[in-house]
Amino acid sequence: MNKKFPRIVVIGLDGATFDVIMPLAKRGVLPHLNRLIKNGVHGNLESTVQPMTPPGWISMYTGLNPGRHGIYDFWQHIENTYKLAPANYSSIAHRMFWKHLNSHGISTGLFNLPLTYPPHEVDGFMVTGMGTPGNVEPATYPANLIGGLKKAVPSYSVEGNHKLVQKNVFSFYYDALKVTRNRKKAFQWLINNNSCDFFMGVFTSTDRVQHFLWKYWDHTHPANTSINSMLYGKLLPTFWSRLDSHVGMIVNDLPEETDIVIVSDHGFGPLYKDVYINQWLSAMGYLRFNKKKIRSPGEFAETLLGSSKMMKWLHLDNDPDLTALIADCFDNLCSVTNERIVDRLFWSVVSPSLLQEEYIDWTRTKAFSHGYIGRIFINDKKRFPSGIVEPGYEYENLRDEIASKLKELKTPDGTRPLVDDIRFKENVYNGPYMDAAPDILFSMDGMKYITRQFARHQETSLFGEPDIGESATHRMNGIFIASGPSFKTRETISGAHITDIAPTLIHLAGAPVPDDLDGNVLLNIFDKCFLEKNELSYYHHEDQPATETYTYTEEERKSVEENLRNLGYI
């Protein structure tokens, strides 16, 4: 086997969807992706319920549903508490496909894969991705790999500066281009300078750019205006054109015998409004806020300004009269200024973990929401320290009741039902980690409306403008493209699921497939010659539960939390 170049290269495009790719390909904007599609196999790749980055990628890595690998969100409940901690690689309760490859003598290079921090030993190398604290310098295995990467690509970063979109759309766009260009350089340097049999790397700016620039490109979006469309409408297709050229350069540098696979963790589509479902749960009597803990904006400003650190930063003495005056001004501002603007300013400063932990009266709360898209947890006695709902009949009856009332919600114009899909966790997941799953999962108007991670206690309406200017969010239909000597050509497939990727890659690499996976090998993508030479085989595998978990330091946690907030996930 040629050890200079990997025989299999997988390119992840976070959030990629054929709803964007196909129209642009038909216009000739994406010649390289279009060539891979025409010369290979392609089709939609169904994501996890619900389509989020962590469960999506982890289900792809493991071949398992979230009930078996334990990752449902960016966050996990700390056992016997209501507190949340960011998930990381050590949170995953199952072997990744690359460990199976390594155990059969196939070396792997892994680059910028989400939730691979902290880095771990592999037969090959690893550069961590999303979830790496700091977002500037990744962590690597072996540790000395970072030195060569920094020398080859000095300005490489795990994430871009997403705050720029709030200040200047063009600045955000050019930063995303720079991040993507550096990602391509790192792709090529790692492949050319580090020997491995199998390589996988992920571009993430596809997700970020679509979150924020969709409304300028989509003329049917309610937030689209003729002026903004004229100014920014070409940015999304131009970004995809640049990305296409990067993919082309990566692929063209590889030997002809290389098999290329392109995947995404979920798709994308328009976002119209945020839905404050905890406000609805409160109005329905299922959730109780702890009013004594909720301070007014002025009270919070007084506390914040009263700290010597803040006053020193403002170059002012710690003067209680001055802080009280500023607090009064802030409260007055609330009464005369756009309530939404002031509210966002106020709550953007408060730690979301405090919102969730401190401001809900758990002893009187039956149900609460946290999570992206639409998730409700029942505050039952089995899982939560202050749970008040009895498992069994009371639990089942409450879920049915909430689901029934969700169906009565209407879209903002009142013309149609808001909630178009409701599922209970046991109808979606299975496995030993079901306790961590949301009890009710729902989507609203094709995911044009979503909930956010935490409660906003000052909201009085059900709907609000999407956080931080987002105009698009995730969908179920990701992408699958495979091109190379092992695959059929000019073939469209259907029915592929994200859990099918791990067993399919293992079989493609020539290794036996573990017999305990939820996903199946996509045999219909391979050409006749490959199938004749590579008989599908299985081996029995039993995972041992992880004995050590990695806990972010307080500084690392804040860094990860800040990045998720800038992306609109909390």
# chains A, B, ... in the order shown; residues from 1 in each chain; ligands from 1
call {"tool": "residues_around", "arguments": {"residues": "Asp265 of chain A", "least_positions_apart": "5", "cutoff": "10 Å", "atoms": "only C-alpha atoms", "output": "PyMOL selection string"}}
result
chain A and resi 12-17+45-48+51-60+207+474-480+498
call {"tool": "residues_around", "arguments": {"residues": "Asn88 of chain A", "least_positions_apart": "6", "cutoff": "7 Å", "atoms": "only C-alpha atoms", "output": "NGL selection string"}}
result
:A and (115-117 or 131)
call {"tool": "atom_distance", "arguments": {"atom1": "atom CA of Arg565 of chain A", "atom2": "atom CA of Val20 of chain A"}}
result
25.6 Å
call {"tool": "closest_residue", "arguments": {"among": "A:Pro417, A:Pro503, A:Gly124, A:Pro385", "to": "Met444 of chain A", "atoms": "only C-alpha atoms"}}
result
A:Pro417
call {"tool": "residues_around", "arguments": {"residues": "Lys381 of chain A", "least_positions_apart": "4", "cutoff": "10 Å", "atoms": "only C-alpha atoms", "output": "list in words"}}
result
Pro385, Ser386, Gly387, Ile388, Val389, Glu390, Pro391 and Tyr395 of chain A
call {"tool": "write_last_selection", "arguments": {"atoms": "N, CA and C atoms", "output": "mmCIF file, in the first residue's frame"}}
result
data_model
loop_
_atom_site.group_PDB
_atom_site.id
_atom_site.type_symbol
_atom_site.label_atom_id
_atom_site.label_comp_id
_atom_site.auth_asym_id
_atom_site.auth_seq_id
_atom_site.Cartn_x
_atom_site.Cartn_y
_atom_site.Cartn_z
ATOM 1 N N PRO A 385 -32.620 15.762 40.846
ATOM 2 C CA PRO A 385 -32.572 15.820 42.314
ATOM 3 C C PRO A 385 -33.800 16.445 42.951
ATOM 4 N N SER A 386 -34.453 17.372 42.232
ATOM 5 C CA SER A 386 -35.672 17.986 42.771
ATOM 6 C C SER A 386 -36.882 17.627 41.927
ATOM 7 N N GLY A 387 -36.815 16.483 41.262
ATOM 8 C CA GLY A 387 -37.909 16.051 40.411
ATOM 9 C C GLY A 387 -39.206 15.868 41.172
ATOM 10 N N ILE A 388 -40.321 16.212 40.531
ATOM 11 C CA ILE A 388 -41.614 16.120 41.209
ATOM 12 C C ILE A 388 -42.603 15.216 40.466
ATOM 13 N N VAL A 389 -42.191 14.694 39.294
ATOM 14 C CA VAL A 389 -43.080 13.846 38.504
ATOM 15 C C VAL A 389 -42.729 12.380 38.747
ATOM 16 N N GLU A 390 -43.728 11.601 39.117
ATOM 17 C CA GLU A 390 -43.520 10.181 39.362
ATOM 18 C C GLU A 390 -43.339 9.438 38.041
ATOM 19 N N PRO A 391 -42.319 8.553 37.976
ATOM 20 C CA PRO A 391 -42.197 7.708 36.786
ATOM 21 C C PRO A 391 -43.442 6.852 36.618
ATOM 22 N N TYR A 395 -45.826 10.285 34.603
ATOM 23 C CA TYR A 395 -44.875 10.703 33.565
ATOM 24 C C TYR A 395 -45.508 10.579 32.179
#
call {"tool": "atom_distance", "arguments": {"atom1": "atom CA of Ser195 of chain A", "atom2": "atom CA of His507 of chain A"}}
result
20.8 Å
call {"tool": "residues_around", "arguments": {"residues": "segment 183-193 of chain A", "least_positions_apart": "5", "cutoff": "10 Å", "atoms": "only C-alpha atoms", "output": "compact mmCIF listing (two decimals) with N, CA, C and O atoms, in the first residue's frame"}}
result
# COMPACT_ATOMS: atom_id res chain seq x y z
N LYS A 4 2.58 7.10 1.17
CA LYS A 4 2.70 8.54 1.00
C LYS A 4 1.32 9.19 0.99
O LYS A 4 1.09 10.22 1.61
N PHE A 5 0.39 8.56 0.26
CA PHE A 5 -0.96 9.09 0.19
C PHE A 5 -1.96 8.09 0.76
O PHE A 5 -1.82 6.88 0.56
N PRO A 6 -2.99 8.57 1.43
CA PRO A 6 -4.02 7.64 1.92
C PRO A 6 -4.82 7.08 0.74
O PRO A 6 -5.01 7.74 -0.28
N VAL A 9 -9.90 9.09 1.25
CA VAL A 9 -9.97 10.44 1.81
C VAL A 9 -11.43 10.83 1.96
O VAL A 9 -12.20 10.80 0.99
N ILE A 11 -13.97 13.85 3.09
CA ILE A 11 -14.05 15.30 3.28
C ILE A 11 -15.41 15.62 3.88
O ILE A 11 -16.45 15.36 3.26
N GLY A 109 -5.48 9.29 9.65
CA GLY A 109 -5.20 10.70 9.89
C GLY A 109 -6.52 11.42 10.06
O GLY A 109 -7.41 11.32 9.21
N LEU A 110 -6.69 12.16 11.15
CA LEU A 110 -7.96 12.78 11.50
C LEU A 110 -7.75 14.27 11.73
O LEU A 110 -6.93 14.67 12.56
N PHE A 111 -8.48 15.09 11.01
CA PHE A 111 -8.21 16.52 11.00
C PHE A 111 -9.49 17.34 11.17
O PHE A 111 -10.41 17.25 10.37
N ASN A 112 -9.53 18.09 12.27
CA ASN A 112 -10.61 19.04 12.53
C ASN A 112 -11.98 18.39 12.66
O ASN A 112 -13.00 18.99 12.36
N PHE A 125 -2.40 10.02 13.16
CA PHE A 125 -2.32 11.35 13.79
C PHE A 125 -3.70 11.95 13.91
O PHE A 125 -4.67 11.49 13.28
N MET A 126 -3.80 12.98 14.75
CA MET A 126 -5.07 13.66 14.99
C MET A 126 -4.84 15.13 15.26
O MET A 126 -3.93 15.51 16.00
N VAL A 127 -5.69 15.97 14.67
CA VAL A 127 -5.73 17.41 14.94
C VAL A 127 -7.17 17.72 15.36
O VAL A 127 -8.10 17.48 14.59
N LEU A 145 3.08 17.38 16.58
CA LEU A 145 2.53 17.66 15.25
C LEU A 145 2.11 19.11 15.12
O LEU A 145 2.18 19.69 14.03
N GLY A 148 4.76 21.50 13.44
CA GLY A 148 4.84 21.46 11.99
C GLY A 148 3.65 22.12 11.33
O GLY A 148 3.79 22.83 10.32
N LEU A 149 2.46 21.93 11.90
CA LEU A 149 1.26 22.54 11.33
C LEU A 149 1.31 24.06 11.42
O LEU A 149 0.98 24.77 10.45
N LYS A 150 1.75 24.57 12.58
CA LYS A 150 1.84 26.03 12.75
C LYS A 150 2.87 26.64 11.81
O LYS A 150 2.71 27.76 11.31
N ALA A 152 3.69 25.39 8.86
CA ALA A 152 3.16 25.29 7.50
C ALA A 152 2.01 26.26 7.27
O ALA A 152 1.88 26.85 6.18
N VAL A 153 1.15 26.44 8.28
CA VAL A 153 -0.02 27.33 8.16
C VAL A 153 -0.07 28.19 9.42
O VAL A 153 -0.81 27.90 10.36
N PRO A 154 0.71 29.27 9.46
CA PRO A 154 0.85 30.07 10.70
C PRO A 154 -0.46 30.61 11.25
O PRO A 154 -0.62 30.73 12.46
N SER A 155 -1.40 30.95 10.39
CA SER A 155 -2.64 31.58 10.87
C SER A 155 -3.81 30.59 10.95
O SER A 155 -4.97 31.01 10.97
N TYR A 156 -3.50 29.29 11.01
CA TYR A 156 -4.56 28.30 11.11
C TYR A 156 -5.33 28.49 12.42
O TYR A 156 -4.75 28.76 13.47
N SER A 157 -6.65 28.33 12.36
CA SER A 157 -7.47 28.39 13.57
C SER A 157 -8.60 27.37 13.45
O SER A 157 -9.03 27.01 12.35
N VAL A 158 -9.08 26.92 14.60
CA VAL A 158 -10.17 25.95 14.61
C VAL A 158 -11.47 26.61 14.18
O VAL A 158 -12.27 26.04 13.44
N LEU A 177 -13.66 33.09 4.62
CA LEU A 177 -12.82 32.68 3.48
C LEU A 177 -11.40 32.37 3.94
O LEU A 177 -10.79 31.39 3.49
N LYS A 178 -10.87 33.19 4.84
CA LYS A 178 -9.51 32.97 5.34
C LYS A 178 -9.42 31.66 6.11
O LYS A 178 -8.49 30.88 5.91
N PHE A 198 -5.76 6.04 5.71
CA PHE A 198 -7.10 6.63 5.66
C PHE A 198 -7.01 8.04 6.22
O PHE A 198 -6.36 8.27 7.25
N PHE A 199 -7.65 9.00 5.56
CA PHE A 199 -7.62 10.38 6.05
C PHE A 199 -9.03 10.95 6.03
O PHE A 199 -9.80 10.74 5.08
N MET A 200 -9.38 11.68 7.10
CA MET A 200 -10.65 12.39 7.15
C MET A 200 -10.43 13.77 7.72
O MET A 200 -9.78 13.94 8.76
N GLY A 201 -10.96 14.78 7.05
CA GLY A 201 -10.89 16.16 7.53
C GLY A 201 -12.21 16.86 7.29
O GLY A 201 -12.99 16.48 6.40
N VAL A 202 -12.49 17.89 8.07
CA VAL A 202 -13.80 18.56 8.03
C VAL A 202 -13.63 20.06 7.83
O VAL A 202 -12.84 20.72 8.53
N PHE A 203 -14.38 20.61 6.88
CA PHE A 203 -14.56 22.06 6.72
C PHE A 203 -15.82 22.45 7.49
O PHE A 203 -16.88 21.85 7.29
N THR A 204 -15.73 23.45 8.35
CA THR A 204 -16.89 23.84 9.16
C THR A 204 -17.49 25.19 8.77
O THR A 204 -18.62 25.49 9.15
N SER A 205 -16.77 26.01 8.01
CA SER A 205 -17.29 27.33 7.68
C SER A 205 -18.53 27.26 6.79
O SER A 205 -19.27 28.25 6.69
N LEU A 243 -14.98 27.36 -1.91
CA LEU A 243 -14.83 26.06 -1.26
C LEU A 243 -14.68 24.96 -2.30
O LEU A 243 -13.85 24.05 -2.16
N SER A 245 -13.38 25.17 -5.20
CA SER A 245 -12.02 25.18 -5.75
C SER A 245 -11.02 24.55 -4.78
O SER A 245 -10.08 23.86 -5.20
N HIS A 246 -11.24 24.75 -3.47
CA HIS A 246 -10.36 24.12 -2.47
C HIS A 246 -10.52 22.60 -2.50
O HIS A 246 -9.52 21.87 -2.44
N VAL A 247 -11.76 22.13 -2.59
CA VAL A 247 -11.99 20.69 -2.69
C VAL A 247 -11.32 20.15 -3.94
O VAL A 247 -10.68 19.09 -3.93
N MET A 249 -8.66 21.31 -5.48
CA MET A 249 -7.20 21.26 -5.31
C MET A 249 -6.78 20.08 -4.45
O MET A 249 -5.77 19.44 -4.72
N ILE A 250 -7.56 19.79 -3.42
CA ILE A 250 -7.25 18.63 -2.56
C ILE A 250 -7.36 17.34 -3.37
O ILE A 250 -6.46 16.49 -3.35
N VAL A 251 -8.46 17.19 -4.08
CA VAL A 251 -8.71 15.96 -4.83
C VAL A 251 -7.70 15.79 -5.97
O VAL A 251 -7.19 14.69 -6.22
N ASP A 253 -4.72 16.70 -6.16
CA ASP A 253 -3.38 16.35 -5.66
C ASP A 253 -3.25 14.87 -5.30
O ASP A 253 -2.15 14.39 -5.04
N LEU A 254 -4.37 14.16 -5.28
CA LEU A 254 -4.35 12.76 -4.86
C LEU A 254 -4.19 11.84 -6.07
O LEU A 254 -4.61 12.18 -7.18
call {"tool": "decode", "arguments": {"residues": "segment 64-87 of chain A", "atoms": "N, CA and C atoms", "output": "short mmCIF file (atom, residue, chain, number, x, y, z; two decimals), in the first residue's frame"}}
result
data_model
loop_
_atom_site.label_atom_id
_atom_site.label_comp_id
_atom_site.auth_asym_id
_atom_site.auth_seq_id
_atom_site.Cartn_x
_atom_site.Cartn_y
_atom_site.Cartn_z
N LEU A 64 -23.77 4.40 15.50
CA LEU A 64 -24.80 4.14 16.52
C LEU A 64 -25.73 5.33 16.68
N ASN A 65 -26.93 5.08 17.18
CA ASN A 65 -27.86 6.16 17.50
C ASN A 65 -27.46 6.77 18.84
N PRO A 66 -27.89 8.01 19.13
CA PRO A 66 -27.49 8.68 20.37
C PRO A 66 -27.82 7.91 21.64
N GLY A 67 -28.84 7.07 21.62
CA GLY A 67 -29.17 6.28 22.80
C GLY A 67 -28.08 5.29 23.17
N ARG A 68 -27.18 5.01 22.24
CA ARG A 68 -26.10 4.07 22.50
C ARG A 68 -24.75 4.75 22.67
N HIS A 69 -24.55 5.93 22.06
CA HIS A 69 -23.27 6.61 22.27
C HIS A 69 -23.36 7.75 23.29
N GLY A 70 -24.58 8.19 23.65
CA GLY A 70 -24.76 9.09 24.77
C GLY A 70 -24.71 10.57 24.48
N ILE A 71 -24.53 10.98 23.21
CA ILE A 71 -24.41 12.41 22.88
C ILE A 71 -25.68 12.88 22.17
N TYR A 72 -26.39 13.82 22.79
CA TYR A 72 -27.62 14.37 22.22
C TYR A 72 -27.49 15.85 21.87
N ASP A 73 -26.46 16.50 22.39
CA ASP A 73 -26.39 17.96 22.30
C ASP A 73 -24.95 18.37 22.54
N PHE A 74 -24.72 19.68 22.52
CA PHE A 74 -23.41 20.21 22.91
C PHE A 74 -23.19 20.05 24.41
N TRP A 75 -24.27 19.84 25.14
CA TRP A 75 -24.22 19.84 26.60
C TRP A 75 -24.72 18.52 27.15
N GLN A 76 -24.27 18.20 28.35
CA GLN A 76 -24.74 17.03 29.07
C GLN A 76 -25.09 17.42 30.50
N HIS A 77 -26.17 16.83 31.01
CA HIS A 77 -26.49 17.06 32.42
C HIS A 77 -25.43 16.39 33.30
N ILE A 78 -24.94 17.13 34.27
CA ILE A 78 -24.08 16.53 35.28
C ILE A 78 -24.96 15.68 36.18
N GLU A 79 -24.56 14.46 36.41
CA GLU A 79 -25.40 13.49 37.11
C GLU A 79 -25.92 14.03 38.44
N ASN A 80 -27.21 13.82 38.65
CA ASN A 80 -27.91 14.21 39.89
C ASN A 80 -27.93 15.73 40.12
N THR A 81 -27.83 16.49 39.03
CA THR A 81 -27.94 17.95 39.13
C THR A 81 -28.72 18.46 37.92
N TYR A 82 -28.98 19.75 37.92
CA TYR A 82 -29.56 20.40 36.75
C TYR A 82 -28.48 21.15 35.97
N LYS A 83 -27.27 21.07 36.44
CA LYS A 83 -26.17 21.77 35.78
C LYS A 83 -25.76 21.04 34.51
N LEU A 84 -25.23 21.84 33.59
CA LEU A 84 -24.82 21.30 32.30
C LEU A 84 -23.33 21.50 32.10
N ALA A 85 -22.70 20.55 31.45
CA ALA A 85 -21.28 20.65 31.11
C ALA A 85 -21.12 20.37 29.63
N PRO A 86 -20.17 21.05 28.97
CA PRO A 86 -19.97 20.79 27.54
C PRO A 86 -19.50 19.36 27.31
N ALA A 87 -20.04 18.73 26.29
CA ALA A 87 -19.60 17.39 25.92
C ALA A 87 -18.24 17.48 25.24
#
